[in-house]
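Visitor: Below you'll find coords_18.tsv; it's TSV, C-alpha atoms and all ligand atoms.
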```
chain	number	residue	atom	x	y	z
E	1	MET	CA	-12.97	48.29	47.14
E	2	LYS	CA	-13.03	50.40	50.26
E	3	VAL	CA	-15.81	52.95	50.47
E	4	SER	CA	-14.86	56.03	52.43
E	5	ARG	CA	-17.98	57.10	54.27
E	6	ARG	CA	-16.38	60.37	55.29
E	7	GLY	CA	-15.46	61.27	51.71
E	8	PHE	CA	-18.81	60.18	50.40
E	9	ILE	CA	-20.75	62.21	52.95
E	10	ALA	CA	-18.72	65.31	52.13
E	11	THR	CA	-19.58	65.05	48.48
E	12	THR	CA	-23.24	64.21	49.04
E	13	ALA	CA	-23.65	67.22	51.28
E	14	ALA	CA	-22.43	69.39	48.41
E	15	GLY	CA	-24.71	67.48	46.09
E	16	SER	CA	-27.72	68.13	48.32
E	17	ALA	CA	-27.07	71.84	48.34
E	18	SER	CA	-26.89	72.11	44.58
E	19	LEU	CA	-29.88	69.82	44.21
E	20	ALA	CA	-32.13	72.26	46.04
E	21	LEU	CA	-31.38	74.86	43.39
E	22	ASP	CA	-31.35	72.58	40.39
E	23	LEU	CA	-34.70	70.91	40.96
E	24	LYS	CA	-36.41	74.27	40.77
E	25	GLY	CA	-35.01	74.58	37.28
E	26	GLN	CA	-36.35	71.24	36.13
E	27	ASP	CA	-38.91	72.76	33.83
E	28	LYS	CA	-36.74	75.55	32.59
E	29	PRO	CA	-37.29	76.46	28.95
E	30	ALA	CA	-34.89	75.48	26.22
E	31	THR	CA	-31.57	77.24	26.44
E	32	THR	CA	-30.14	76.44	23.06
E	33	GLY	CA	-32.92	77.51	20.75
E	34	ALA	CA	-34.25	75.53	17.82
E	35	LEU	CA	-33.17	71.97	17.17
E	36	PRO	CA	-30.17	72.00	14.79
E	37	GLY	CA	-31.11	70.52	11.46
E	38	ASN	CA	-27.93	69.52	9.59
E	39	PRO	CA	-26.57	65.98	9.83
E	40	PRO	CA	-22.99	65.52	11.05
E	41	LYS	CA	-20.12	65.75	8.55
E	42	LYS	CA	-18.84	62.32	9.59
E	43	PRO	CA	-20.42	59.26	11.24
E	44	ILE	CA	-20.48	59.09	15.03
E	45	ILE	CA	-20.96	56.20	17.44
E	46	ILE	CA	-21.46	56.63	21.17
E	47	SER	CA	-21.67	53.78	23.67
E	48	ALA	CA	-21.29	52.74	27.27
E	49	HIS	CA	-17.61	52.20	28.12
E	50	ASN	CA	-17.84	48.42	27.66
E	51	GLY	CA	-18.39	49.00	23.95
E	52	TYR	CA	-14.96	50.59	23.50
E	53	ASN	CA	-13.22	47.48	22.13
E	54	TYR	CA	-15.89	47.02	19.46
E	55	LEU	CA	-16.31	50.59	18.19
E	56	ASP	CA	-13.96	50.06	15.25
E	57	ARG	CA	-16.03	47.32	13.73
E	58	GLY	CA	-19.20	49.40	14.16
E	59	TYR	CA	-17.50	52.39	12.59
E	60	ALA	CA	-16.38	50.27	9.65
E	61	VAL	CA	-20.03	49.50	8.89
E	62	LEU	CA	-20.82	53.22	8.80
E	63	THR	CA	-17.86	54.23	6.63
E	64	SER	CA	-18.69	51.51	4.13
E	65	GLY	CA	-22.25	52.82	3.77
E	66	GLY	CA	-23.91	50.22	5.98
E	67	ASP	CA	-27.03	50.65	8.05
E	68	THR	CA	-26.76	52.49	11.37
E	69	LEU	CA	-28.52	49.73	13.32
E	70	ASP	CA	-26.13	47.16	11.84
E	71	ALA	CA	-23.27	49.33	13.07
E	72	VAL	CA	-24.79	49.43	16.56
E	73	MET	CA	-25.18	45.64	16.54
E	74	GLN	CA	-21.50	45.25	15.66
E	75	VAL	CA	-20.67	47.11	18.86
E	76	ILE	CA	-23.09	45.59	21.35
E	77	THR	CA	-22.77	41.97	20.25
E	78	GLY	CA	-19.10	42.25	21.31
E	79	PRO	CA	-19.81	42.24	25.05
E	80	GLU	CA	-22.68	39.77	24.49
E	81	ASP	CA	-20.21	37.28	23.02
E	82	ASP	CA	-17.56	37.87	25.69
E	83	PRO	CA	-17.84	35.33	28.55
E	84	ASN	CA	-15.74	37.61	30.76
E	85	ASP	CA	-18.19	40.51	30.52
E	86	ASP	CA	-20.61	39.42	33.23
E	87	SER	CA	-23.12	42.21	32.62
E	88	VAL	CA	-24.36	41.15	29.20
E	89	GLY	CA	-25.07	38.02	27.15
E	90	LEU	CA	-22.85	34.96	27.66
E	91	GLY	CA	-21.49	34.94	31.22
E	92	GLY	CA	-24.04	37.47	32.49
E	93	LEU	CA	-24.68	37.23	36.22
E	94	PRO	CA	-27.77	35.08	36.88
E	95	ASN	CA	-30.99	35.73	38.76
E	96	GLU	CA	-31.71	34.46	42.29
E	97	ASP	CA	-32.46	30.98	40.86
E	98	CYS	CA	-29.06	30.89	39.12
E	99	VAL	CA	-30.64	31.33	35.70
E	100	VAL	CA	-29.30	33.92	33.24
E	101	GLN	CA	-32.16	35.99	31.79
E	102	LEU	CA	-31.36	38.61	29.16
E	103	ASP	CA	-33.16	41.76	27.97
E	104	ALA	CA	-32.65	43.94	24.89
E	105	CYS	CA	-34.31	46.42	22.58
E	106	CYS	CA	-33.48	48.37	19.44
E	107	MET	CA	-34.85	51.23	17.36
E	108	HIS	CA	-34.17	51.94	13.69
E	109	GLY	CA	-34.51	55.65	12.97
E	110	PRO	CA	-34.92	55.61	9.18
E	111	THR	CA	-37.86	53.19	9.23
E	112	ARG	CA	-39.06	54.22	12.71
E	113	MET	CA	-39.31	50.56	13.67
E	114	ALA	CA	-38.55	48.97	17.03
E	115	GLY	CA	-38.08	45.55	18.61
E	116	ALA	CA	-37.62	44.27	22.15
E	117	VAL	CA	-37.23	41.06	24.15
E	118	ALA	CA	-37.19	40.45	27.89
E	119	ALA	CA	-36.32	37.63	30.29
E	120	VAL	CA	-34.88	35.44	27.53
E	121	GLU	CA	-32.94	32.32	28.51
E	122	GLU	CA	-30.38	30.32	26.49
E	123	ILE	CA	-30.00	32.82	23.65
E	124	LYS	CA	-26.80	34.84	23.66
E	125	ASN	CA	-27.35	37.69	21.20
E	126	VAL	CA	-30.64	39.09	22.44
E	127	SER	CA	-29.83	42.41	20.74
E	128	LEU	CA	-30.07	40.59	17.41
E	129	LEU	CA	-33.17	38.80	18.69
E	130	SER	CA	-34.83	42.17	19.35
E	131	LYS	CA	-33.91	43.17	15.78
E	132	ALA	CA	-35.46	39.93	14.54
E	133	VAL	CA	-38.68	40.76	16.39
E	134	MET	CA	-38.60	44.16	14.67
E	135	GLU	CA	-37.96	42.72	11.22
E	136	HIS	CA	-39.90	39.46	11.24
E	137	THR	CA	-43.00	40.04	13.35
E	138	GLY	CA	-45.86	42.48	13.52
E	139	HIS	CA	-45.03	43.03	17.19
E	140	VAL	CA	-42.60	45.18	19.09
E	141	MET	CA	-41.94	43.09	22.20
E	142	LEU	CA	-41.76	39.39	23.04
E	143	VAL	CA	-40.96	38.10	26.53
E	144	GLY	CA	-39.90	34.96	28.35
E	145	ALA	CA	-40.58	31.53	26.87
E	146	GLY	CA	-42.36	33.04	23.85
E	147	ALA	CA	-39.36	35.17	22.96
E	148	GLN	CA	-37.08	32.17	23.41
E	149	LYS	CA	-39.23	29.96	21.16
E	150	PHE	CA	-39.34	32.70	18.51
E	151	GLY	CA	-35.55	32.88	18.69
E	152	PHE	CA	-35.10	29.14	18.22
E	153	ASP	CA	-37.60	29.21	15.34
E	154	MET	CA	-35.53	31.98	13.77
E	155	GLY	CA	-32.39	29.87	14.04
E	156	PHE	CA	-30.70	31.38	17.07
E	157	PRO	CA	-28.61	28.64	18.71
E	158	ARG	CA	-29.47	27.31	22.19
E	159	ILE	CA	-26.56	28.16	24.48
E	160	ASN	CA	-25.81	27.63	28.18
E	161	LEU	CA	-25.24	31.26	29.22
E	162	LEU	CA	-24.04	30.46	32.74
E	163	THR	CA	-20.24	30.40	32.88
E	164	GLU	CA	-18.40	28.67	35.71
E	165	ARG	CA	-17.18	32.04	36.93
E	166	SER	CA	-20.69	33.52	37.13
E	167	ARG	CA	-22.01	30.34	38.79
E	168	LYS	CA	-19.36	30.62	41.50
E	169	VAL	CA	-20.17	34.28	42.11
E	170	TRP	CA	-23.84	33.28	42.44
E	171	LEU	CA	-22.78	30.65	45.02
E	172	LEU	CA	-20.94	33.35	46.93
E	173	TRP	CA	-24.11	35.48	46.91
E	174	LYS	CA	-26.27	32.49	47.86
E	175	GLU	CA	-24.12	31.62	50.87
E	176	THR	CA	-23.56	35.12	52.16
E	177	MET	CA	-26.24	37.52	51.03
E	178	SER	CA	-29.32	35.70	49.76
E	179	ASN	CA	-31.24	36.73	52.88
E	180	LYS	CA	-30.72	40.32	51.69
E	181	ASP	CA	-32.43	39.94	48.38
E	182	TRP	CA	-34.77	41.88	46.10
E	183	TRP	CA	-37.94	40.85	47.96
E	184	GLY	CA	-39.72	43.15	50.35
E	185	PRO	CA	-40.41	46.86	50.03
E	186	GLY	CA	-37.86	48.41	47.73
E	187	LEU	CA	-35.78	51.52	48.19
E	188	ALA	CA	-38.44	53.67	46.52
E	189	SER	CA	-41.19	52.56	48.92
E	190	PRO	CA	-42.21	54.92	51.74
E	191	LYS	CA	-42.29	51.74	53.85
E	192	TYR	CA	-38.61	51.10	53.26
E	193	VAL	CA	-36.52	51.62	56.38
E	194	LEU	CA	-32.81	52.18	55.89
E	195	PRO	CA	-30.84	49.88	58.16
E	196	ASP	CA	-29.16	51.10	61.31
E	197	ALA	CA	-25.67	52.31	60.43
E	198	SER	CA	-24.23	51.54	63.84
E	199	HIS	CA	-22.55	48.32	62.68
E	200	SER	CA	-20.45	49.83	59.92
E	201	GLU	CA	-17.21	48.57	61.45
E	202	LEU	CA	-18.29	45.04	60.51
E	203	TYR	CA	-18.00	45.83	56.81
E	204	GLU	CA	-14.26	45.18	56.45
E	205	GLU	CA	-14.57	41.96	58.45
E	206	ARG	CA	-17.40	40.79	56.21
E	207	ILE	CA	-15.37	41.52	53.08
E	208	GLN	CA	-12.48	39.48	54.44
E	209	LYS	CA	-14.73	36.50	55.26
E	210	MET	CA	-16.34	36.69	51.84
E	211	GLY	CA	-12.90	36.71	50.22
E	212	GLU	CA	-12.01	33.54	52.14
E	213	LEU	CA	-15.24	31.89	51.03
E	214	ALA	CA	-14.59	32.99	47.45
E	215	ALA	CA	-11.26	31.15	47.64
E	216	LYS	CA	-12.99	28.00	48.94
E	217	LEU	CA	-15.47	28.19	46.08
E	218	GLY	CA	-12.58	28.20	43.63
E	219	ILE	CA	-12.92	31.78	42.42
E	220	GLU	CA	-9.54	32.69	40.94
E	221	PRO	CA	-7.41	35.01	43.12
E	222	GLU	CA	-7.32	37.90	40.64
E	223	PHE	CA	-11.14	37.95	40.43
E	224	ARG	CA	-11.96	37.45	44.14
E	225	ALA	CA	-12.20	41.11	45.15
E	226	ALA	CA	-14.38	41.85	42.12
E	227	ALA	CA	-16.58	38.84	42.92
E	228	VAL	CA	-17.12	40.08	46.49
E	229	GLN	CA	-18.11	43.50	45.15
E	230	ARG	CA	-20.60	41.95	42.72
E	231	VAL	CA	-22.26	40.26	45.68
E	232	LEU	CA	-22.22	43.33	47.93
E	233	ARG	CA	-23.08	45.76	45.16
E	234	PRO	CA	-25.22	43.86	42.63
E	235	PRO	CA	-24.42	45.39	39.25
E	236	THR	CA	-26.89	46.18	36.48
E	237	GLY	CA	-24.25	45.97	33.76
E	238	THR	CA	-25.68	46.72	30.34
E	239	ILE	CA	-24.44	48.30	27.12
E	240	ASN	CA	-26.22	50.96	25.11
E	241	CYS	CA	-25.00	52.23	21.76
E	242	SER	CA	-26.25	54.78	19.21
E	243	ALA	CA	-24.90	55.54	15.74
E	244	ILE	CA	-25.49	58.23	13.11
E	245	ASN	CA	-24.17	58.51	9.56
E	246	GLU	CA	-23.53	61.51	7.30
E	247	LYS	CA	-27.09	61.28	5.97
E	248	GLY	CA	-28.33	61.84	9.51
E	249	GLU	CA	-29.78	58.34	9.79
E	250	ILE	CA	-29.69	57.29	13.42
E	251	SER	CA	-30.31	54.06	15.35
E	252	GLY	CA	-29.77	52.72	18.85
E	253	ALA	CA	-29.94	49.56	20.94
E	254	THR	CA	-29.44	48.34	24.50
E	255	THR	CA	-28.69	44.86	25.84
E	256	THR	CA	-28.16	43.46	29.33
E	257	SER	CA	-28.27	40.50	31.68
E	258	GLY	CA	-30.02	42.90	34.04
E	259	LEU	CA	-29.68	43.27	37.73
E	260	ALA	CA	-27.65	40.52	39.40
E	261	TRP	CA	-29.60	38.18	41.70
E	262	LYS	CA	-32.94	39.60	40.49
E	263	ILE	CA	-36.26	37.83	40.98
E	264	SER	CA	-36.99	35.54	38.03
E	265	GLY	CA	-38.89	37.38	35.31
E	266	ARG	CA	-37.73	40.82	36.37
E	267	ALA	CA	-37.27	43.10	33.37
E	268	GLY	CA	-35.40	46.35	33.89
E	269	ASP	CA	-35.29	49.37	31.64
E	270	SER	CA	-33.08	47.89	28.92
E	271	PRO	CA	-35.86	46.18	26.93
E	272	ILE	CA	-38.30	49.04	27.43
E	273	ILE	CA	-38.58	51.31	24.41
E	274	GLY	CA	-38.41	54.84	25.81
E	275	ALA	CA	-36.55	53.85	28.98
E	276	GLY	CA	-33.38	51.90	28.10
E	277	CYS	CA	-33.30	53.18	24.52
E	278	TYR	CA	-35.16	55.63	22.35
E	279	VAL	CA	-34.60	56.99	18.85
E	280	ASP	CA	-36.51	59.63	16.95
E	281	GLN	CA	-35.15	60.19	13.47
E	282	ASP	CA	-36.20	63.85	13.69
E	283	VAL	CA	-34.33	64.51	16.93
E	284	GLY	CA	-31.74	61.95	18.05
E	285	ALA	CA	-31.14	58.98	20.29
E	286	ALA	CA	-30.60	58.25	23.96
E	287	GLY	CA	-29.91	55.14	26.02
E	288	ALA	CA	-29.24	54.16	29.60
E	289	THR	CA	-27.28	51.98	31.95
E	290	GLY	CA	-27.89	51.84	35.70
E	291	ASN	CA	-30.83	51.23	38.02
E	292	GLY	CA	-33.51	50.09	35.62
E	293	GLU	CA	-36.39	50.45	38.04
E	294	GLU	CA	-35.69	54.14	38.51
E	295	ASN	CA	-35.12	54.78	34.81
E	296	ILE	CA	-38.42	53.16	33.84
E	297	LYS	CA	-40.27	55.59	36.10
E	298	VAL	CA	-38.87	58.65	34.32
E	299	CYS	CA	-38.99	57.08	30.82
E	300	GLY	CA	-35.38	58.24	30.69
E	301	ALA	CA	-34.43	57.81	27.05
E	302	HIS	CA	-37.72	59.21	25.74
E	303	THR	CA	-37.58	62.11	28.19
E	304	ILE	CA	-34.12	63.01	26.95
E	305	VAL	CA	-35.09	62.89	23.28
E	306	GLU	CA	-38.17	65.01	23.97
E	307	ASN	CA	-36.02	67.48	25.90
E	308	MET	CA	-33.76	67.81	22.86
E	309	ARG	CA	-36.81	68.26	20.64
E	310	ARG	CA	-37.71	71.24	22.82
E	311	GLY	CA	-34.23	72.67	22.28
E	312	MET	CA	-32.12	71.43	25.17
E	313	SER	CA	-28.54	70.42	24.45
E	314	PRO	CA	-27.75	66.69	24.90
E	315	GLN	CA	-26.13	67.42	28.26
E	316	GLU	CA	-29.02	69.55	29.52
E	317	ALA	CA	-31.49	66.93	28.34
E	318	GLY	CA	-29.67	64.15	30.21
E	319	MET	CA	-29.22	66.18	33.38
E	320	ASP	CA	-32.94	66.88	33.44
E	321	ALA	CA	-33.71	63.14	33.31
E	322	LEU	CA	-31.26	62.51	36.19
E	323	LYS	CA	-32.94	65.23	38.25
E	324	ARG	CA	-36.33	63.65	37.67
E	325	ILE	CA	-34.98	60.48	39.30
E	326	VAL	CA	-33.71	62.52	42.25
E	327	ARG	CA	-37.12	64.23	42.41
E	328	ASN	CA	-38.78	60.82	42.71
E	329	PHE	CA	-36.83	60.37	45.95
E	330	ASN	CA	-37.63	63.93	47.10
E	331	GLY	CA	-33.90	64.57	46.98
E	332	ASP	CA	-33.28	62.13	49.85
E	333	MET	CA	-29.52	61.63	49.60
E	334	ALA	CA	-29.58	58.74	52.08
E	335	LYS	CA	-31.46	56.83	49.38
E	336	MET	CA	-29.87	58.47	46.35
E	337	GLN	CA	-26.49	57.02	47.27
E	338	TYR	CA	-27.89	53.62	46.26
E	339	VAL	CA	-29.17	54.83	42.89
E	340	ASP	CA	-26.90	55.01	39.87
E	341	MET	CA	-27.68	55.95	36.31
E	342	SER	CA	-25.81	56.91	33.15
E	343	TYR	CA	-27.24	58.24	29.89
E	344	TYR	CA	-25.61	58.23	26.44
E	345	ILE	CA	-27.07	60.87	24.16
E	346	LEU	CA	-26.61	61.57	20.44
E	347	ARG	CA	-28.45	64.37	18.68
E	348	LYS	CA	-29.19	64.24	14.96
E	349	ASP	CA	-26.63	66.95	14.20
E	350	GLY	CA	-23.91	64.84	15.86
E	351	ALA	CA	-23.78	66.72	19.18
E	352	TYR	CA	-23.47	64.17	21.99
E	353	ALA	CA	-23.10	63.82	25.74
E	354	GLY	CA	-22.55	61.21	28.43
E	355	VAL	CA	-24.07	62.09	31.80
E	356	CYS	CA	-24.20	60.17	35.05
E	357	MET	CA	-25.71	60.42	38.52
E	358	TRP	CA	-22.40	59.87	40.35
E	359	SER	CA	-18.96	60.90	39.14
E	360	GLY	CA	-17.17	57.83	40.50
E	361	GLY	CA	-13.89	58.12	42.35
E	362	PRO	CA	-11.11	60.36	41.03
E	363	GLU	CA	-9.10	57.26	40.11
E	364	HIS	CA	-12.01	55.78	38.12
E	365	PRO	CA	-14.28	58.55	36.83
E	366	ARG	CA	-17.33	57.47	34.87
E	367	THR	CA	-16.55	57.37	31.17
E	368	PHE	CA	-18.34	56.61	27.93
E	369	SER	CA	-16.94	55.69	24.52
E	370	VAL	CA	-17.07	57.64	21.28
E	371	HIS	CA	-15.91	57.03	17.70
E	372	ASP	CA	-16.10	59.79	15.10
E	373	GLY	CA	-13.06	58.69	13.15
E	374	THR	CA	-11.06	58.72	16.37
E	375	LYS	CA	-11.90	56.16	19.05
E	376	ARG	CA	-11.73	57.40	22.63
E	377	ASN	CA	-13.22	57.36	26.12
E	378	GLU	CA	-14.57	60.61	27.53
E	379	VAL	CA	-15.45	61.47	31.11
E	380	ALA	CA	-19.20	61.72	31.65
E	381	VAL	CA	-20.68	64.84	33.24
E	382	ALA	CA	-21.94	63.97	36.73
E	383	LEU	CA	-24.86	65.35	38.69
E	384	PHE	CA	-23.19	64.46	42.01
E	385	GLN	CA	-19.55	64.12	42.93
E	386	GLY	CA	-18.68	60.85	44.66
E	387	LYS	CA	-19.45	57.16	44.36
E	388	SER	CA	-22.78	55.44	44.58
E	389	ILE	CA	-23.09	52.41	46.83
E	390	GLY	CA	-24.72	49.24	45.65
E	391	TRP	CA	-28.18	48.12	46.59
E	392	PRO	CA	-29.64	46.57	48.71
E	393	PRO	CA	-28.45	48.62	51.68
E	394	MET	CA	-27.12	46.70	54.63
E	395	PRO	CA	-25.98	47.95	58.01
E	396	GLU	CA	-22.42	46.82	57.60
E	397	ARG	CA	-21.88	49.03	54.59
E	398	GLY	CA	-23.06	52.13	56.32
E	399	HIS	CA	-25.22	54.93	55.03
E	400	LEU	CA	-25.91	58.46	56.11
E	401	ALA	CA	-26.41	58.42	59.88
E	402	PRO	CA	-29.40	60.34	61.27
E	403	GLU	CA	-27.37	63.40	62.21
E	404	GLN	CA	-25.99	63.55	58.66
E	405	LYS	CA	-29.41	63.41	57.08
E	406	LYS	CA	-30.46	66.74	58.60
X	1	LIG	N1	-30.21	48.96	33.40
X	1	LIG	C1	-30.25	47.58	33.41
X	1	LIG	C2	-31.17	46.98	34.35
X	1	LIG	O1	-31.57	47.60	35.31
X	1	LIG	O2	-31.51	45.84	34.13
```
Mind converting the file's structure to C-alpha cells?
Ligand code: GLY

Guide:
Amino acid sequence: MKVSRRGFIATTAAGSASLALDLKGQDKPATTGALPGNPPKKPIIISAHNGYNYLDRGYAVLTSGGDTLDAVMQVITGPEDDPNDDSVGLGGLPNEDCVVQLDACCMHGPTRMAGAVAAVEEIKNVSLLSKAVMEHTGHVMLVGAGAQKFGFDMGFPRINLLTERSRKVWLLWKETMSNKDWWGPGLASPKYVLPDASHSELYEERIQKMGELAAKLGIEPEFRAAAVQRVLRPPTGTINCSAINEKGEISGATTTSGLAWKISGRAGDSPIIGAGCYVDQDVGAAGATGNGEENIKVCGAHTIVENMRRGMSPQEAGMDALKRIVRNFNGDMAKMQYVDMSYYILRKDGAYAGVCMWSGGPEHPRTFSVHDGTKRNEVAVALFQGKSIGWPPMPERGHLAPEQKK
C-alpha cells in the first residue's frame, strides 16, 4: 500500500488544530445526563470488524436465551480458529523468536467475574482458556507456562499455532527488518529520536525488494503485498466483542496474538482487565484493538465505562479515552501517526459506538460490526482524519519533517 505523505500531512495538520481545542475539554462534565436504566428491547452484539462472519452464531445464542458470555465466545473463537486470520489464535503472527504467544481476557457481567491469560503458547482458543480461569480457579489471571499447563490440565488440546504462511512472513521480517525491532527506547520515551526523513524516496525501492524476497520465500503472489505490509507495519490484530440481552445482562471478551515480532513474554492490553476489555453490569462494556502499550496507560476500557457511568454517551466516552492517549504524547502528531487505537462500546441500554484514532483511507474507512437482528458493518467515528503508519518508524517510510512539525 502506498502511503501519501502529502495527504497524510494535510489531514494531521487539521487534526492538530482540533486537538488543541479538544484536549481542553477532556474533563468536561457529562453531556447526556443520568445513565439510562432500561435494557434494550432486543439483544445486541458489537465487535471488531473481524468478528463479522461469526455474529450470526453469537446472536443465535442470545435469541435462544443463552448466556451473553457464551454468545461472545461464539464470535471471537471464529477468528481464533481461522488459520488465515493472522491476528488471533491459530496462524497468529509470531514473536521475534518465531513463537506464537496469545493473550485473552473476559468479563461476565451478571456474576461480575473475570478471567485472563497472557503469553500462552500451543493453545488455540485462549478466549475460552480465560473463561476457564474465571470458572475453575480462584484467580483472575494466569500467564505463560503456568497458563499453558492449566489449559492442558483442563483438556485444551496442544496445537502448533504457527502456520506456514505466518512462518514465511516472519522469515521476511527476520531477513529485512529484524534490526528495527522492539528493543531500545520506545516511541513514548523522551529519549526516542524519530529517524531522519530525508531518505523517504527509498521506501518504494525497499517495498519492491521485499516483494522479490517474499517471492523467493514462497509467499503466494496474492498475499505478497500484504506480507510486506505486515513486516513494515507490524499489526496488533485482535478481536473484541461485547453482547447484551433483553434482560440487560452484558459480557465482553478480547483475544489476540498481540503485536507482531514482539519480544517474547510481551503482553499487550488484550489480557488486561480494564484495558483490552471491561464490563460493569451497572453501566456497560468496552473493548479495544490497536496499540496495546498506549491503551494500557489510559486503562482504556475501564476509562470508557467510567465515563459512561458519569453520563457520557458511548461515543463521548470513547473519544475521551482516545484524547487521553494523545495527551500522553503531548499532542505530538509526529509520534501520533504511529499510534492506532479503536474502541468498541456498548452501554447497558443498548446504545453503542465504535471510535478510532485514525479514520483510515476513504477507500477503507475503519469499521466495526454490529448485530441487533440485522448484521452489518458501521463506520467508526474517528478522532483524526487520515491513516496511521505502522511502528517502528524508519527513515524510508517518512514522517513529519522538521518544518512540518512547527
Ligand atoms: N491490542 C493488542 C495488542 O497490543 O497486543

Visitor: If I take CA of Glu122 in chain E and CA of Pro157 in chain E, how far is one from the other in Å, to one decimal?

Guide: 8.2 Å

Visitor: Could you check the closest approach to ligand LIG 1 (chain X) for each of E:Ala260, E:Val61, E:Ile159, E:Ala71 and tell me which residue wins, using all atoms listed in the file?

Guide: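 The shortest atom-to-atom distance to ligand LIG 1 (chain X) comes from E:Ala260.
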
Visitor: Measuring between all atoms listed in the file, which one of E:Lys348, E:Lys149, E:Arg266, E:Lys323 shows the shortest distance to ligand LIG 1 (chain X)?

Guide: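 Between E:Lys348, E:Lys149, E:Arg266, E:Lys323, the residue approaching ligand LIG 1 (chain X) most closely is E:Arg266.
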
Visitor: Write as a VMD selection string the residues around ligand LIG 1 (chain X), taking 7 Å as the cut-off and counting only C-alpha atoms and all ligand atoms.

Guide: chain E and resid 236 to 238 256 to 259 267 to 270 276 288 to 293

Visitor: Go ahead and compute the interatomic distance for CA of Gly274 in chain E and CA of Pro83 in chain E, in Å to one decimal.

Guide: 28.5 Å

Visitor: Work out how far CA of Leu172 in chain E is from CA of Leu232 in chain E, in Å to one decimal.

Guide: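 These atoms are spaced 10.1 Å apart.
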
Visitor: Using only C-alpha atoms, which residue out of E:Cys105, E:Ile389, E:Leu187, E:Cys98 lies closest to Pro234 in chain E?

Guide: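 Looking at the shortest contact to Pro234 in chain E, the residue is E:Ile389.
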
Visitor: Give one line per residue of range 110-222 of chain E that approaches range 86-95 of chain E to at most 9 Å, naming the two atoms of the closest pair and their distance in Å to one decimal, counting only C-alpha atoms; sort by chain then ascending residue number and deliver it as a Markdown table.

Guide:
```
| residue | atom | partner | partner_atom | distance |
| --- | --- | --- | --- | --- |
| E:Glu122 | CA | E:Leu90 | CA | 8.9 |
| E:Ile123 | CA | E:Gly89 | CA | 8.0 |
| E:Lys124 | CA | E:Gly89 | CA | 5.0 |
| E:Asn125 | CA | E:Gly89 | CA | 6.4 |
| E:Val126 | CA | E:Gly89 | CA | 7.4 |
| E:Ile159 | CA | E:Leu90 | CA | 8.4 |
| E:Asn160 | CA | E:Leu90 | CA | 7.9 |
| E:Leu161 | CA | E:Leu90 | CA | 4.7 |
| E:Leu162 | CA | E:Gly91 | CA | 5.4 |
| E:Thr163 | CA | E:Gly91 | CA | 5.0 |
| E:Glu164 | CA | E:Gly91 | CA | 8.3 |
| E:Arg165 | CA | E:Gly91 | CA | 7.7 |
| E:Ser166 | CA | E:Leu93 | CA | 5.5 |
| E:Arg167 | CA | E:Pro94 | CA | 7.7 |
| E:Val169 | CA | E:Leu93 | CA | 8.0 |
| E:Trp170 | CA | E:Pro94 | CA | 7.0 |
```

Visitor: Measuring between only C-alpha atoms, which one of E:Met333, E:Leu171, E:His108, E:Cys356 shows the shortest distance to Gly218 in chain E?

Guide: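 Between E:Met333, E:Leu171, E:His108, E:Cys356, the residue approaching Gly218 in chain E most closely is E:Leu171.
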
Visitor: Using all atoms listed in the file for the distances, tell me which of E:Ile325, E:Ala114, E:Ile272, E:Ile244 is nearest to Ala285 in chain E.

Guide: E:Ile244

Visitor: Could you pull the residues within 6 Å of Cys106 in chain E, counting only C-alpha atoms, minus those fewer than 2 positions along the same chain, as a list in words?

Guide: Ala114, Gly115, Gly252 and Ala253 of chain E

Visitor: For the selection you just gave me, I'd like the residues written to a file as a compact mmCIF listing (two decimals), keeping the file's coordinate frame, keeping C-alpha atoms.

Guide:
```
# COMPACT_ATOMS: atom_id res chain seq x y z
CA ALA E 114 -38.55 48.97 17.03
CA GLY E 115 -38.08 45.55 18.61
CA GLY E 252 -29.77 52.72 18.85
CA ALA E 253 -29.94 49.56 20.94
```

Visitor: Hey, which of E:Ala48, E:Met113, E:Val283, E:Val326 ends up closest to Gly311 in chain E? Count all atoms listed in the file.

Guide: E:Val283

Visitor: Hey, what's within 12 Å of Gly151 in chain E if we count all atoms listed in the file and toss same-chain stuff fewer than 6 positions away? As a list in words, please?

Guide: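 Near Gly151 in chain E, the qualifying residues are Val117, Val120, Glu121, Glu122, Ile123, Lys124, Asn125, Val126, Ser127, Leu128, Leu129, Ser130, Lys131, Ala132, Val133, His136, Thr137, Leu142, Val143, Gly144, Ala145, Pro157, Arg158 and Ile159 of chain E.
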
Visitor: Reconstruct N, CA, C and O atoms of range 313-318 of chain E; output as a PDB file, in the coordinates of the input.

Guide:
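Okay, this is what ended up in out_38.pdb:
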```pdb
ATOM      1  N   SER E 313     -29.741  71.094  24.946  1.00  0.00           N
ATOM      2  CA  SER E 313     -28.540  70.420  24.450  1.00  0.00           C
ATOM      3  C   SER E 313     -28.576  68.978  24.969  1.00  0.00           C
ATOM      4  O   SER E 313     -29.298  68.676  25.938  1.00  0.00           O
ATOM      5  N   PRO E 314     -27.785  68.071  24.387  1.00  0.00           N
ATOM      6  CA  PRO E 314     -27.750  66.690  24.900  1.00  0.00           C
ATOM      7  C   PRO E 314     -27.433  66.644  26.396  1.00  0.00           C
ATOM      8  O   PRO E 314     -28.060  65.878  27.142  1.00  0.00           O
ATOM      9  N   GLN E 315     -26.486  67.456  26.835  1.00  0.00           N
ATOM     10  CA  GLN E 315     -26.130  67.420  28.260  1.00  0.00           C
ATOM     11  C   GLN E 315     -27.280  67.927  29.146  1.00  0.00           C
ATOM     12  O   GLN E 315     -27.613  67.321  30.159  1.00  0.00           O
ATOM     13  N   GLU E 316     -27.883  69.023  28.743  1.00  0.00           N
ATOM     14  CA  GLU E 316     -29.020  69.550  29.520  1.00  0.00           C
ATOM     15  C   GLU E 316     -30.145  68.529  29.572  1.00  0.00           C
ATOM     16  O   GLU E 316     -30.782  68.322  30.617  1.00  0.00           O
ATOM     17  N   ALA E 317     -30.397  67.893  28.429  1.00  0.00           N
ATOM     18  CA  ALA E 317     -31.490  66.930  28.340  1.00  0.00           C
ATOM     19  C   ALA E 317     -31.252  65.752  29.285  1.00  0.00           C
ATOM     20  O   ALA E 317     -32.168  65.273  29.970  1.00  0.00           O
ATOM     21  N   GLY E 318     -29.997  65.281  29.327  1.00  0.00           N
ATOM     22  CA  GLY E 318     -29.670  64.150  30.210  1.00  0.00           C
ATOM     23  C   GLY E 318     -29.713  64.533  31.673  1.00  0.00           C
ATOM     24  O   GLY E 318     -30.199  63.773  32.519  1.00  0.00           O
TER      25      GLY E 318
END
```
